[in-house]
Amino acid sequence: MFRNFSSQLAAAAVGNNKNSDGDKKTMSPTLRSDIYTAVDQASSWLAGGKGGGSLPGDGMSYGAVLATIQKHFPDTKIGIDSLGNTESEVAIVVGGVTSMVLEMSRWEGMAGGMAMKTWVDALGGAYARIGDDDGSLRKATIAKGITRGINQNADVSLMTKEFTAKIQIITCLKSLITRVYGVGSEEARRAEASLSSKFI
């Protein structure tokens, strides 16, 4: 499922960035605004929505953010095997929004870096707002989904080749792992090692 999702993102990005002659065109005119819409939608959904009315893993409340992702990656779907699975839903949404930001960085490196910081800050803030009322299991499952979304679902081939912007993006993503798992934890070290091997 996750390998297929990554290849779907890559295929969609290629299709969205070529004209009928197969030549690359400019960045989608709505990508920038759609990124910030998706950031708001995803962070609200992740934290449980207003009044806790929507939750990752409920099998339906991801619809709004998924629709925004699909404007740029139309093949992105949450399949039957992922429906109602908290970790899988989170991974697909996080991977999709992250790939939108990486796609922006292809065209505007520094703007993409700033967008990644906004996304990481929103994601970290949403994660911090998740309550532990039902114990740590739900929060731990969402943490796995976030990490999986970045390390397995996001399409790194979309990332800018500009050195400074690339370093900024990688640094932002590493800081998110630390915020989710804590400084020096075994989970953080494993996740950061996986991220480094993929993104560098």
# chains A, B, ... in the order shown; residues from 1 in each chain; ligands from 1
$ residues_around --residues "stretch 65-68 of chain A" --least-positions-apart "6" --cutoff "7 Å" --atoms "only C-alpha atoms" --output "VMD selection string"
chain A and resid 34 38 41 to 42 93
$ residues_around --residues "A:Met159" --least-positions-apart "3" --cutoff "12 Å" --atoms "only C-alpha atoms" --output "ChimeraX atom specification"
/A:10,13,98-110,112-113,116,154-156,162-170,198-200
$ closest_residue --among "A:Thr147, A:Ser175, A:Thr30, A:Ser88" --to "A:Pro56" --atoms "only C-alpha atoms"
A:Ser88
$ atom_distance --atom1 "atom CA of A:Ser197" --atom2 "atom CA of A:Ala128"
26.7 Å
$ atom_distance --atom1 "atom CA of A:Lys174" --atom2 "atom CA of A:Gly131"
23.3 Å
$ residues_around --residues "A:Asp121" --least-positions-apart "5" --cutoff "10 Å" --atoms "only C-alpha atoms" --output "mmCIF file with N, CA and C atoms, in the first residue's frame"
data_model
loop_
_atom_site.group_PDB
_atom_site.id
_atom_site.type_symbol
_atom_site.label_atom_id
_atom_site.label_comp_id
_atom_site.auth_asym_id
_atom_site.auth_seq_id
_atom_site.Cartn_x
_atom_site.Cartn_y
_atom_site.Cartn_z
ATOM 1 N N VAL A 39 -2.624 22.324 5.005
ATOM 2 C CA VAL A 39 -1.968 22.387 6.317
ATOM 3 C C VAL A 39 -3.012 22.631 7.406
ATOM 4 N N SER A 43 -3.956 19.653 10.093
ATOM 5 C CA SER A 43 -3.631 19.855 11.511
ATOM 6 C C SER A 43 -4.891 19.826 12.368
ATOM 7 N N ALA A 115 7.474 26.957 3.434
ATOM 8 C CA ALA A 115 6.215 26.220 3.522
ATOM 9 C C ALA A 115 6.387 24.952 4.355
ATOM 10 N N MET A 116 7.552 24.307 4.226
ATOM 11 C CA MET A 116 7.805 23.105 5.019
ATOM 12 C C MET A 116 7.874 23.449 6.502
ATOM 13 N N ALA A 126 -0.316 20.305 16.267
ATOM 14 C CA ALA A 126 -1.496 19.435 16.295
ATOM 15 C C ALA A 126 -1.218 18.180 17.117
ATOM 16 N N TYR A 127 -0.030 17.621 16.940
ATOM 17 C CA TYR A 127 0.329 16.416 17.698
ATOM 18 C C TYR A 127 0.362 16.709 19.197
ATOM 19 N N CYS A 172 13.932 20.808 8.946
ATOM 20 C CA CYS A 172 12.559 20.932 9.451
ATOM 21 C C CYS A 172 11.957 19.565 9.748
ATOM 22 N N LEU A 173 12.126 18.635 8.826
ATOM 23 C CA LEU A 173 11.551 17.304 9.010
ATOM 24 C C LEU A 173 12.194 16.576 10.187
ATOM 25 N N SER A 175 13.430 18.027 12.805
ATOM 26 C CA SER A 175 12.943 18.669 14.029
ATOM 27 C C SER A 175 11.555 18.151 14.401
ATOM 28 N N LEU A 176 10.761 17.813 13.389
ATOM 29 C CA LEU A 176 9.436 17.257 13.662
ATOM 30 C C LEU A 176 9.554 15.904 14.356
ATOM 31 N N ARG A 179 10.278 16.462 17.909
ATOM 32 C CA ARG A 179 9.107 16.951 18.641
ATOM 33 C C ARG A 179 8.119 15.828 18.927
#
